[in-house]
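Note: the block below is data_22.pdb and it holds PDB, C-alpha atoms.
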```pdb
MODEL        1
ATOM      1  CA  MET N  19      25.385 -39.969-259.354
ATOM      2  CA  SER N  20      25.230 -43.716-258.614
ATOM      3  CA  LEU N  21      28.697 -43.994-260.144
ATOM      4  CA  ARG N  22      29.962 -41.645-257.424
ATOM      5  CA  LYS N  23      28.609 -43.895-254.695
ATOM      6  CA  GLN N  24      30.519 -46.838-256.117
ATOM      7  CA  THR N  25      33.761 -45.047-256.815
ATOM      8  CA  PRO N  26      35.057 -44.687-253.206
ATOM      9  CA  SER N  27      34.715 -48.421-252.460
ATOM     10  CA  ASP N  28      36.089 -49.317-255.853
ATOM     11  CA  PHE N  29      38.990 -46.956-255.264
ATOM     12  CA  LEU N  30      39.629 -48.607-251.902
ATOM     13  CA  LYS N  31      39.693 -52.020-253.523
ATOM     14  CA  GLN N  32      42.077 -50.714-256.163
ATOM     15  CA  ILE N  33      44.725 -49.259-253.909
ATOM     16  CA  ILE N  34      44.702 -51.896-251.200
ATOM     17  CA  GLY N  35      47.809 -54.040-251.574
ATOM     18  CA  ARG N  36      49.731 -51.278-253.326
ATOM     19  CA  PRO N  37      52.834 -49.589-252.007
ATOM     20  CA  VAL N  38      52.013 -46.170-250.621
ATOM     21  CA  VAL N  39      53.740 -43.126-249.235
ATOM     22  CA  VAL N  40      51.859 -41.490-246.391
ATOM     23  CA  LYS N  41      53.003 -37.986-245.603
ATOM     24  CA  LEU N  42      51.849 -36.453-242.339
ATOM     25  CA  ASN N  43      51.481 -32.771-241.540
ATOM     26  CA  SER N  44      54.495 -33.129-239.263
ATOM     27  CA  GLY N  45      56.646 -33.859-242.329
ATOM     28  CA  VAL N  46      57.237 -37.514-241.470
ATOM     29  CA  ASP N  47      56.938 -40.047-244.283
ATOM     30  CA  TYR N  48      55.666 -43.572-243.920
ATOM     31  CA  ARG N  49      56.278 -46.030-246.693
ATOM     32  CA  GLY N  50      54.734 -49.449-246.870
ATOM     33  CA  VAL N  51      52.041 -51.617-248.411
ATOM     34  CA  LEU N  52      48.477 -50.499-247.820
ATOM     35  CA  ALA N  53      46.723 -53.266-245.880
ATOM     36  CA  CYS N  54      43.362 -51.576-245.304
ATOM     37  CA  LEU N  55      41.650 -48.309-244.609
ATOM     38  CA  ASP N  56      38.279 -47.102-243.383
ATOM     39  CA  GLY N  57      35.887 -44.222-243.892
ATOM     40  CA  TYR N  58      37.735 -42.032-241.393
ATOM     41  CA  MET N  59      40.983 -42.385-243.323
ATOM     42  CA  ASN N  60      42.498 -44.536-240.603
ATOM     43  CA  ILE N  61      44.889 -46.830-242.422
ATOM     44  CA  ALA N  62      46.846 -49.976-241.725
ATOM     45  CA  VAL N  63      50.165 -50.311-243.499
ATOM     46  CA  GLU N  64      52.413 -53.358-243.661
ATOM     47  CA  GLN N  65      56.226 -53.363-243.681
ATOM     48  CA  THR N  66      56.192 -49.719-242.762
ATOM     49  CA  GLU N  67      59.282 -47.574-242.778
ATOM     50  CA  GLU N  68      59.389 -44.161-241.187
ATOM     51  CA  TYR N  69      61.435 -41.448-242.880
ATOM     52  CA  VAL N  70      62.393 -38.127-241.364
ATOM     53  CA  ASN N  71      64.978 -36.708-243.757
ATOM     54  CA  GLY N  72      66.924 -39.985-243.558
ATOM     55  CA  GLN N  73      65.595 -43.348-242.425
ATOM     56  CA  LEU N  74      64.660 -43.353-238.744
ATOM     57  CA  LYS N  75      62.774 -46.443-237.671
ATOM     58  CA  ASN N  76      61.593 -49.691-239.197
ATOM     59  CA  LYS N  77      58.217 -50.943-238.171
ATOM     60  CA  TYR N  78      57.620 -54.498-239.234
ATOM     61  CA  GLY N  79      54.158 -55.914-239.380
ATOM     62  CA  ASP N  80      51.175 -53.615-239.228
ATOM     63  CA  ALA N  81      51.240 -49.944-238.384
ATOM     64  CA  PHE N  82      47.999 -48.057-237.852
ATOM     65  CA  LEU N  83      47.897 -44.431-238.851
ATOM     66  CA  ARG N  84      45.088 -42.294-237.491
ATOM     67  CA  GLY N  85      43.094 -40.591-240.191
ATOM     68  CA  ASN N  86      42.943 -37.162-238.637
ATOM     69  CA  ASN N  87      46.565 -36.218-239.076
ATOM     70  CA  GLY N  88      46.175 -34.147-242.234
ATOM     71  CA  MET N  89      47.889 -36.878-244.134
ATOM     72  CA  SER N  90      48.318 -37.022-247.835
ATOM     73  CA  ARG N  91      48.509 -40.461-249.279
ATOM     74  CA  LYS N  92      50.301 -41.110-252.503
ATOM     75  CA  CYS N  93      50.014 -44.355-254.372
ATOM     76  CA  GLN N  94      52.983 -45.410-256.359
ATOM     77  CA  PHE N  95      51.215 -46.127-259.599
ATOM     78  CA  PRO N  96      53.576 -47.417-262.262
ATOM     79  CA  SER N  97      52.377 -45.055-264.990
ATOM     80  CA  SER N  98      52.180 -41.660-263.257
ATOM     81  CA  ASP N  99      54.976 -39.574-261.664
TER      82      ASP N  99
ATOM     83  CA  SER D  13      18.749 -57.941-244.425
ATOM     84  CA  LYS D  14      21.065 -57.618-241.411
ATOM     85  CA  MET D  15      23.977 -58.025-243.781
ATOM     86  CA  ALA D  16      22.577 -55.255-245.945
ATOM     87  CA  ASP D  17      22.553 -52.898-242.964
ATOM     88  CA  GLU D  18      26.160 -53.712-242.188
ATOM     89  CA  VAL D  19      27.281 -53.338-245.795
ATOM     90  CA  GLU D  20      25.894 -49.817-245.833
ATOM     91  CA  GLN D  21      28.303 -48.744-243.145
ATOM     92  CA  GLN D  22      31.369 -50.758-243.997
ATOM     93  CA  THR D  23      32.756 -53.045-246.658
ATOM     94  CA  THR D  24      32.042 -56.751-246.193
ATOM     95  CA  THR D  25      34.241 -58.181-243.507
ATOM     96  CA  ASN D  26      35.394 -61.311-245.308
ATOM     97  CA  THR D  27      37.262 -59.367-247.989
ATOM     98  CA  VAL D  28      38.812 -56.381-246.159
ATOM     99  CA  GLU D  29      39.214 -55.850-242.459
ATOM    100  CA  GLU D  30      39.085 -52.384-240.990
ATOM    101  CA  PRO D  31      42.227 -50.958-239.406
ATOM    102  CA  LEU D  32      40.382 -50.865-236.062
ATOM    103  CA  ASP D  33      39.684 -54.587-236.249
ATOM    104  CA  LEU D  34      43.397 -55.148-236.424
ATOM    105  CA  ILE D  35      43.924 -52.955-233.346
ATOM    106  CA  ARG D  36      41.483 -55.228-231.577
ATOM    107  CA  LEU D  37      43.962 -58.046-232.135
ATOM    108  CA  SER D  38      46.472 -56.056-230.067
ATOM    109  CA  LEU D  39      44.259 -56.017-226.972
ATOM    110  CA  ASP D  40      46.210 -57.169-223.931
ATOM    111  CA  GLU D  41      49.411 -56.951-225.938
ATOM    112  CA  ARG D  42      52.135 -54.396-225.512
ATOM    113  CA  ILE D  43      51.975 -51.734-228.199
ATOM    114  CA  TYR D  44      53.923 -48.718-229.332
ATOM    115  CA  VAL D  45      52.027 -45.452-229.778
ATOM    116  CA  LYS D  46      53.410 -42.371-231.476
ATOM    117  CA  MET D  47      51.711 -39.176-230.356
ATOM    118  CA  ARG D  48      51.818 -35.574-231.471
ATOM    119  CA  ASN D  49      54.344 -33.278-229.874
ATOM    120  CA  ASP D  50      57.146 -35.827-230.105
ATOM    121  CA  ARG D  51      55.780 -38.220-227.535
ATOM    122  CA  GLU D  52      55.932 -41.979-227.618
ATOM    123  CA  LEU D  53      54.233 -44.499-225.405
ATOM    124  CA  ARG D  54      54.955 -48.151-224.819
ATOM    125  CA  GLY D  55      52.381 -49.992-222.794
ATOM    126  CA  ARG D  56      49.802 -52.742-222.610
ATOM    127  CA  LEU D  57      46.584 -52.037-224.492
ATOM    128  CA  ASN D  58      43.694 -52.601-222.087
ATOM    129  CA  ALA D  59      40.953 -50.827-224.018
ATOM    130  CA  TYR D  60      40.350 -48.603-227.013
ATOM    131  CA  ASP D  61      37.506 -47.048-228.963
ATOM    132  CA  GLN D  62      36.864 -45.750-232.463
ATOM    133  CA  HIS D  63      38.453 -42.389-231.612
ATOM    134  CA  LEU D  64      41.596 -44.252-230.600
ATOM    135  CA  ASN D  65      41.081 -43.189-226.998
ATOM    136  CA  MET D  66      43.008 -45.886-225.158
ATOM    137  CA  ILE D  67      43.651 -47.243-221.713
ATOM    138  CA  LEU D  68      47.265 -48.307-221.454
ATOM    139  CA  GLY D  69      48.763 -50.149-218.520
ATOM    140  CA  ASP D  70      52.358 -50.257-217.342
ATOM    141  CA  VAL D  71      53.361 -47.412-219.620
ATOM    142  CA  GLU D  72      56.686 -45.878-220.462
ATOM    143  CA  GLU D  73      56.354 -42.396-221.963
ATOM    144  CA  THR D  74      59.226 -40.863-223.915
ATOM    145  CA  VAL D  75      59.253 -37.149-224.714
ATOM    146  CA  THR D  76      61.885 -36.105-227.241
ATOM    147  CA  THR D  77      63.192 -32.599-227.709
ATOM    148  CA  VAL D  78      65.692 -31.229-230.217
ATOM    149  CA  GLU D  79      67.993 -28.376-229.492
ATOM    150  CA  ILE D  80      70.153 -26.789-232.139
ATOM    151  CA  ASP D  81      73.582 -25.649-231.068
ATOM    152  CA  GLU D  82      73.951 -22.080-232.239
ATOM    153  CA  GLU D  83      77.603 -22.424-233.071
ATOM    154  CA  THR D  84      77.894 -25.881-234.579
ATOM    155  CA  TYR D  85      74.272 -26.146-235.789
ATOM    156  CA  GLU D  86      74.333 -29.625-234.343
ATOM    157  CA  GLU D  87      70.998 -31.220-233.528
ATOM    158  CA  ILE D  88      71.018 -32.334-229.913
ATOM    159  CA  TYR D  89      68.312 -34.877-229.159
ATOM    160  CA  LYS D  90      67.178 -35.229-225.585
ATOM    161  CA  SER D  91      64.567 -37.626-224.348
ATOM    162  CA  THR D  92      62.793 -37.746-221.022
ATOM    163  CA  LYS D  93      61.120 -40.917-219.852
ATOM    164  CA  ARG D  94      58.605 -41.579-217.154
ATOM    165  CA  ASN D  95      56.649 -44.611-216.047
ATOM    166  CA  ILE D  96      52.891 -44.542-215.524
ATOM    167  CA  PRO D  97      50.996 -47.559-214.158
ATOM    168  CA  MET D  98      47.659 -46.752-215.813
ATOM    169  CA  LEU D  99      47.009 -44.111-218.434
ATOM    170  CA  PHE D 100      44.069 -42.763-220.399
ATOM    171  CA  VAL D 101      45.178 -41.575-223.801
ATOM    172  CA  ARG D 102      42.932 -39.159-225.677
ATOM    173  CA  GLY D 103      42.594 -40.345-229.233
ATOM    174  CA  ASP D 104      43.054 -37.042-231.020
ATOM    175  CA  GLY D 105      46.723 -36.941-230.061
ATOM    176  CA  VAL D 106      47.462 -40.352-231.539
ATOM    177  CA  VAL D 107      49.452 -40.479-234.758
ATOM    178  CA  LEU D 108      50.465 -44.133-235.075
ATOM    179  CA  VAL D 109      49.917 -47.454-233.293
ATOM    180  CA  ALA D 110      52.128 -50.496-233.869
ATOM    181  CA  PRO D 111      53.439 -53.598-232.144
ATOM    182  CA  PRO D 112      56.527 -52.633-230.150
ATOM    183  CA  LEU D 113      59.760 -52.370-232.112
ATOM    184  CA  ARG D 114      61.576 -55.671-232.040
ATOM    185  CA  VAL D 115      65.303 -55.986-232.323
ATOM    186  CA  GLY D 116      66.672 -58.514-234.836
TER     187      GLY D 116
ENDMDL
END
```
Have the structure of the file written as structure tokens, please.
Amino acid sequence: MSLRKQTPSDFLKQIIGRPVVVKLNSGVDYRGVLACLDGYMNIAVEQTEEYVNGQLKNKYGDAFLRGNNGMSRKCQFPSSD
Amino acid sequence: SKMADEVEQQTTTNTVEEPLDLIRLSLDERIYVKMRNDRELRGRLNAYDQHLNMILGDVEETVTTVEIDEETYEEIYKSTKRNIPMLFVRGDGVVLVAPPLRVG
């Protein structure tokens, strides 16, 4: 059980700095480098690009995504699909 | 012991900052806010809270609609803008907050 308490923070430390794809319920994709996140799933992403079908907007610097938007967050791990 | 109380709630602040801390750095700056229902706001961030409720000053709101032409199946984008001197934004409609888009 104590392992479970550690795993969320360890997971956070693992994925911070990695490239991520954040997919919102609305179907919009955000791609960038995960800068930080908090317990509410609010996240800050650097060098963010917004994709709706094709590329729409570039957001340079930090973009803050609110955690409540039914988002799924994929990490682009080198080994998995 | 104070540090221990803080660590319980959040990770230590010297290693990772919270996203909300970074929003704090945008206070008094102009920001871009993407809302649900295809709305965008550009205004000066006067105040915010943990729900992302915000007070924005000197705001330009853009509402975008898409119509599909029945014959050509073309997507016709229309946007309506309005200016609001002072605006309270309820946090649950907020999708994204960023510094305003810069050209070049």
If you count only C-alpha atoms, the residue of N:Val38, N:Leu83, N:Val46, N:Leu52 closest to Leu32 (chain D) turns out to be N:Leu83
Would you place a box with edges along x, y and z of the file around all atoms of region 71-83 of chain D listed there, add 5 Å to each of its six sides, and report the centre and edge lengths in Å to one decimal, as JSON?
```
{"center_x": 65.5, "center_y": -34.7, "center_z": -226.3, "size_x": 34.2, "size_y": 35.3, "size_z": 23.5}
```
Expressed in Å, the length from CA of Arg102 (chain D) to CA of Met59 (chain N) is 18.0 Å
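Nearest residue to chain D, choosing from N:Pro37, N:Gly85, N:Gly72, N:Gly50 and counting only C-alpha atoms: N:Gly85.
Residues captured in this structure file are Cys54, Leu55, Asp56, Asn60, Ile61, Ala62, Lys77, Asp80, Ala81, Phe82, Leu83, Arg84 and Asn87 of chain N, according to the ChimeraX specification (/D :<7) & /N.
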Computed gap from CA of Arg36 (chain N) to CA of Tyr48 (chain N) is 13.5 Å
So what does the PyMOL selection byres ((chain D and resi 80-96) around 10) actually pick up in this one, as an MDAnalysis selection string? chainID D and resid 50:55 68:79 97:99
Output file for the selection above: C-alpha atoms, as an mmCIF file, in the coordinates of the input:
```
data_model
loop_
_atom_site.group_PDB
_atom_site.id
_atom_site.type_symbol
_atom_site.label_atom_id
_atom_site.label_comp_id
_atom_site.auth_asym_id
_atom_site.auth_seq_id
_atom_site.Cartn_x
_atom_site.Cartn_y
_atom_site.Cartn_z
ATOM 1 C CA ASP D 50 57.146 -35.827 -230.105
ATOM 2 C CA ARG D 51 55.780 -38.220 -227.535
ATOM 3 C CA GLU D 52 55.932 -41.979 -227.618
ATOM 4 C CA LEU D 53 54.233 -44.499 -225.405
ATOM 5 C CA ARG D 54 54.955 -48.151 -224.819
ATOM 6 C CA GLY D 55 52.381 -49.992 -222.794
ATOM 7 C CA LEU D 68 47.265 -48.307 -221.454
ATOM 8 C CA GLY D 69 48.763 -50.149 -218.520
ATOM 9 C CA ASP D 70 52.358 -50.257 -217.342
ATOM 10 C CA VAL D 71 53.361 -47.412 -219.620
ATOM 11 C CA GLU D 72 56.686 -45.878 -220.462
ATOM 12 C CA GLU D 73 56.354 -42.396 -221.963
ATOM 13 C CA THR D 74 59.226 -40.863 -223.915
ATOM 14 C CA VAL D 75 59.253 -37.149 -224.714
ATOM 15 C CA THR D 76 61.885 -36.105 -227.241
ATOM 16 C CA THR D 77 63.192 -32.599 -227.709
ATOM 17 C CA VAL D 78 65.692 -31.229 -230.217
ATOM 18 C CA GLU D 79 67.993 -28.376 -229.492
ATOM 19 C CA PRO D 97 50.996 -47.559 -214.158
ATOM 20 C CA MET D 98 47.659 -46.752 -215.813
ATOM 21 C CA LEU D 99 47.009 -44.111 -218.434
#
```
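In this structure, CA of Phe100 (chain D) sits 24.1 Å away from CA of Leu42 (chain N).
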May I have the residues within 9 Å of Glu67 (chain N) as a PyMOL selection string, using all atoms listed in the file and disregarding those fewer than 5 positions away in the same chain? chain N and resi 47-50+73-78
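Applied to the shown file, the PyMOL selection byres ((chain D and resi 39) around 8) selects the residues Ile35, Arg36, Leu37, Ser38, Asp40, Glu41, Arg56, Leu57, Asn58 and Ala59 of chain D.
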Could the residues in this selection be saved with C-alpha atoms as a PDB file, keeping the file's coordinate frame?
```pdb
ATOM      1  CA  ILE D  35      43.924 -52.955-233.346  1.00  0.00           C
ATOM      2  CA  ARG D  36      41.483 -55.228-231.577  1.00  0.00           C
ATOM      3  CA  LEU D  37      43.962 -58.046-232.135  1.00  0.00           C
ATOM      4  CA  SER D  38      46.472 -56.056-230.067  1.00  0.00           C
ATOM      5  CA  ASP D  40      46.210 -57.169-223.931  1.00  0.00           C
ATOM      6  CA  GLU D  41      49.411 -56.951-225.938  1.00  0.00           C
ATOM      7  CA  ARG D  56      49.802 -52.742-222.610  1.00  0.00           C
ATOM      8  CA  LEU D  57      46.584 -52.037-224.492  1.00  0.00           C
ATOM      9  CA  ASN D  58      43.694 -52.601-222.087  1.00  0.00           C
ATOM     10  CA  ALA D  59      40.953 -50.827-224.018  1.00  0.00           C
TER      11      ALA D  59
END
```
Step by step: locate region 54-78 of chain D in the block above, keep N, CA, C and O atoms, then write the file as a PDB file, in the first residue's frame.
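What follows is the written file out15.pdb:
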```pdb
ATOM      1  N   ARG D  54      -8.916  37.495 -25.135  1.00  0.00           N
ATOM      2  CA  ARG D  54      -7.595  38.096 -24.999  1.00  0.00           C
ATOM      3  C   ARG D  54      -7.755  39.293 -24.085  1.00  0.00           C
ATOM      4  O   ARG D  54      -8.542  40.201 -24.382  1.00  0.00           O
ATOM      5  N   GLY D  55      -7.045  39.255 -22.965  1.00  0.00           N
ATOM      6  CA  GLY D  55      -7.215  40.358 -22.024  1.00  0.00           C
ATOM      7  C   GLY D  55      -6.111  40.363 -21.000  1.00  0.00           C
ATOM      8  O   GLY D  55      -5.228  39.499 -21.008  1.00  0.00           O
ATOM      9  N   ARG D  56      -6.158  41.334 -20.103  1.00  0.00           N
ATOM     10  CA  ARG D  56      -5.138  41.465 -19.073  1.00  0.00           C
ATOM     11  C   ARG D  56      -5.588  40.720 -17.828  1.00  0.00           C
ATOM     12  O   ARG D  56      -6.696  40.933 -17.335  1.00  0.00           O
ATOM     13  N   LEU D  57      -4.737  39.834 -17.336  1.00  0.00           N
ATOM     14  CA  LEU D  57      -5.079  39.030 -16.163  1.00  0.00           C
ATOM     15  C   LEU D  57      -4.934  39.860 -14.896  1.00  0.00           C
ATOM     16  O   LEU D  57      -3.825  40.203 -14.498  1.00  0.00           O
ATOM     17  N   ASN D  58      -6.055  40.188 -14.262  1.00  0.00           N
ATOM     18  CA  ASN D  58      -6.017  40.960 -13.025  1.00  0.00           C
ATOM     19  C   ASN D  58      -6.028  40.060 -11.800  1.00  0.00           C
ATOM     20  O   ASN D  58      -5.434  40.383 -10.778  1.00  0.00           O
ATOM     21  N   ALA D  59      -6.731  38.938 -11.887  1.00  0.00           N
ATOM     22  CA  ALA D  59      -6.821  38.039 -10.742  1.00  0.00           C
ATOM     23  C   ALA D  59      -7.226  36.653 -11.216  1.00  0.00           C
ATOM     24  O   ALA D  59      -7.818  36.498 -12.289  1.00  0.00           O
ATOM     25  N   TYR D  60      -6.901  35.658 -10.402  1.00  0.00           N
ATOM     26  CA  TYR D  60      -7.312  34.292 -10.724  1.00  0.00           C
ATOM     27  C   TYR D  60      -7.353  33.506  -9.420  1.00  0.00           C
ATOM     28  O   TYR D  60      -6.827  33.940  -8.393  1.00  0.00           O
ATOM     29  N   ASP D  61      -7.983  32.337  -9.474  1.00  0.00           N
ATOM     30  CA  ASP D  61      -7.924  31.445  -8.311  1.00  0.00           C
ATOM     31  C   ASP D  61      -7.692  30.012  -8.784  1.00  0.00           C
ATOM     32  O   ASP D  61      -7.498  29.770  -9.975  1.00  0.00           O
ATOM     33  N   GLN D  62      -7.731  29.081  -7.829  1.00  0.00           N
ATOM     34  CA  GLN D  62      -7.368  27.700  -8.166  1.00  0.00           C
ATOM     35  C   GLN D  62      -8.387  27.043  -9.092  1.00  0.00           C
ATOM     36  O   GLN D  62      -8.106  26.014  -9.693  1.00  0.00           O
ATOM     37  N   HIS D  63      -9.580  27.612  -9.207  1.00  0.00           N
ATOM     38  CA  HIS D  63     -10.567  27.051 -10.138  1.00  0.00           C
ATOM     39  C   HIS D  63     -10.373  27.598 -11.535  1.00  0.00           C
ATOM     40  O   HIS D  63     -11.082  27.237 -12.453  1.00  0.00           O
ATOM     41  N   LEU D  64      -9.411  28.527 -11.661  1.00  0.00           N
ATOM     42  CA  LEU D  64      -9.199  29.279 -12.884  1.00  0.00           C
ATOM     43  C   LEU D  64     -10.322  30.265 -13.161  1.00  0.00           C
ATOM     44  O   LEU D  64     -10.475  30.728 -14.296  1.00  0.00           O
ATOM     45  N   ASN D  65     -11.149  30.589 -12.131  1.00  0.00           N
ATOM     46  CA  ASN D  65     -11.943  31.808 -12.216  1.00  0.00           C
ATOM     47  C   ASN D  65     -10.939  32.938 -12.441  1.00  0.00           C
ATOM     48  O   ASN D  65      -9.854  32.937 -11.870  1.00  0.00           O
ATOM     49  N   MET D  66     -11.304  33.893 -13.290  1.00  0.00           N
ATOM     50  CA  MET D  66     -10.363  34.977 -13.572  1.00  0.00           C
ATOM     51  C   MET D  66     -11.096  36.301 -13.700  1.00  0.00           C
ATOM     52  O   MET D  66     -12.262  36.345 -14.074  1.00  0.00           O
ATOM     53  N   ILE D  67     -10.388  37.350 -13.368  1.00  0.00           N
ATOM     54  CA  ILE D  67     -10.842  38.701 -13.714  1.00  0.00           C
ATOM     55  C   ILE D  67      -9.925  39.172 -14.836  1.00  0.00           C
ATOM     56  O   ILE D  67      -8.706  39.211 -14.668  1.00  0.00           O
ATOM     57  N   LEU D  68     -10.528  39.473 -15.965  1.00  0.00           N
ATOM     58  CA  LEU D  68      -9.754  39.963 -17.104  1.00  0.00           C
ATOM     59  C   LEU D  68     -10.172  41.380 -17.414  1.00  0.00           C
ATOM     60  O   LEU D  68     -11.368  41.717 -17.395  1.00  0.00           O
ATOM     61  N   GLY D  69      -9.197  42.228 -17.697  1.00  0.00           N
ATOM     62  CA  GLY D  69      -9.490  43.603 -18.064  1.00  0.00           C
ATOM     63  C   GLY D  69      -9.207  43.838 -19.534  1.00  0.00           C
ATOM     64  O   GLY D  69      -8.382  43.151 -20.133  1.00  0.00           O
ATOM     65  N   ASP D  70      -9.950  44.785 -20.103  1.00  0.00           N
ATOM     66  CA  ASP D  70      -9.685  45.196 -21.491  1.00  0.00           C
ATOM     67  C   ASP D  70      -9.689  43.982 -22.411  1.00  0.00           C
ATOM     68  O   ASP D  70      -8.696  43.663 -23.075  1.00  0.00           O
ATOM     69  N   VAL D  71     -10.844  43.326 -22.460  1.00  0.00           N
ATOM     70  CA  VAL D  71     -10.938  42.004 -23.083  1.00  0.00           C
ATOM     71  C   VAL D  71     -11.488  42.096 -24.498  1.00  0.00           C
ATOM     72  O   VAL D  71     -12.400  42.875 -24.779  1.00  0.00           O
ATOM     73  N   GLU D  72     -10.934  41.249 -25.365  1.00  0.00           N
ATOM     74  CA  GLU D  72     -11.576  41.022 -26.653  1.00  0.00           C
ATOM     75  C   GLU D  72     -12.027  39.564 -26.696  1.00  0.00           C
ATOM     76  O   GLU D  72     -11.217  38.652 -26.534  1.00  0.00           O
ATOM     77  N   GLU D  73     -13.334  39.355 -26.867  1.00  0.00           N
ATOM     78  CA  GLU D  73     -13.872  38.002 -26.952  1.00  0.00           C
ATOM     79  C   GLU D  73     -14.140  37.659 -28.406  1.00  0.00           C
ATOM     80  O   GLU D  73     -14.717  38.452 -29.148  1.00  0.00           O
ATOM     81  N   THR D  74     -13.732  36.469 -28.815  1.00  0.00           N
ATOM     82  CA  THR D  74     -13.999  35.995 -30.172  1.00  0.00           C
ATOM     83  C   THR D  74     -14.819  34.720 -30.086  1.00  0.00           C
ATOM     84  O   THR D  74     -14.409  33.761 -29.424  1.00  0.00           O
ATOM     85  N   VAL D  75     -15.978  34.717 -30.729  1.00  0.00           N
ATOM     86  CA  VAL D  75     -16.813  33.522 -30.797  1.00  0.00           C
ATOM     87  C   VAL D  75     -16.769  33.020 -32.231  1.00  0.00           C
ATOM     88  O   VAL D  75     -17.062  33.767 -33.162  1.00  0.00           O
ATOM     89  N   THR D  76     -16.404  31.762 -32.410  1.00  0.00           N
ATOM     90  CA  THR D  76     -16.251  31.218 -33.760  1.00  0.00           C
ATOM     91  C   THR D  76     -17.332  30.193 -34.036  1.00  0.00           C
ATOM     92  O   THR D  76     -17.584  29.312 -33.214  1.00  0.00           O
ATOM     93  N   THR D  77     -17.959  30.309 -35.188  1.00  0.00           N
ATOM     94  CA  THR D  77     -18.946  29.317 -35.589  1.00  0.00           C
ATOM     95  C   THR D  77     -18.540  28.731 -36.943  1.00  0.00           C
ATOM     96  O   THR D  77     -17.842  29.377 -37.727  1.00  0.00           O
ATOM     97  N   VAL D  78     -18.956  27.497 -37.176  1.00  0.00           N
ATOM     98  CA  VAL D  78     -18.686  26.854 -38.467  1.00  0.00           C
ATOM     99  C   VAL D  78     -19.992  26.460 -39.098  1.00  0.00           C
ATOM    100  O   VAL D  78     -20.812  25.801 -38.476  1.00  0.00           O
TER     101      VAL D  78
END
```
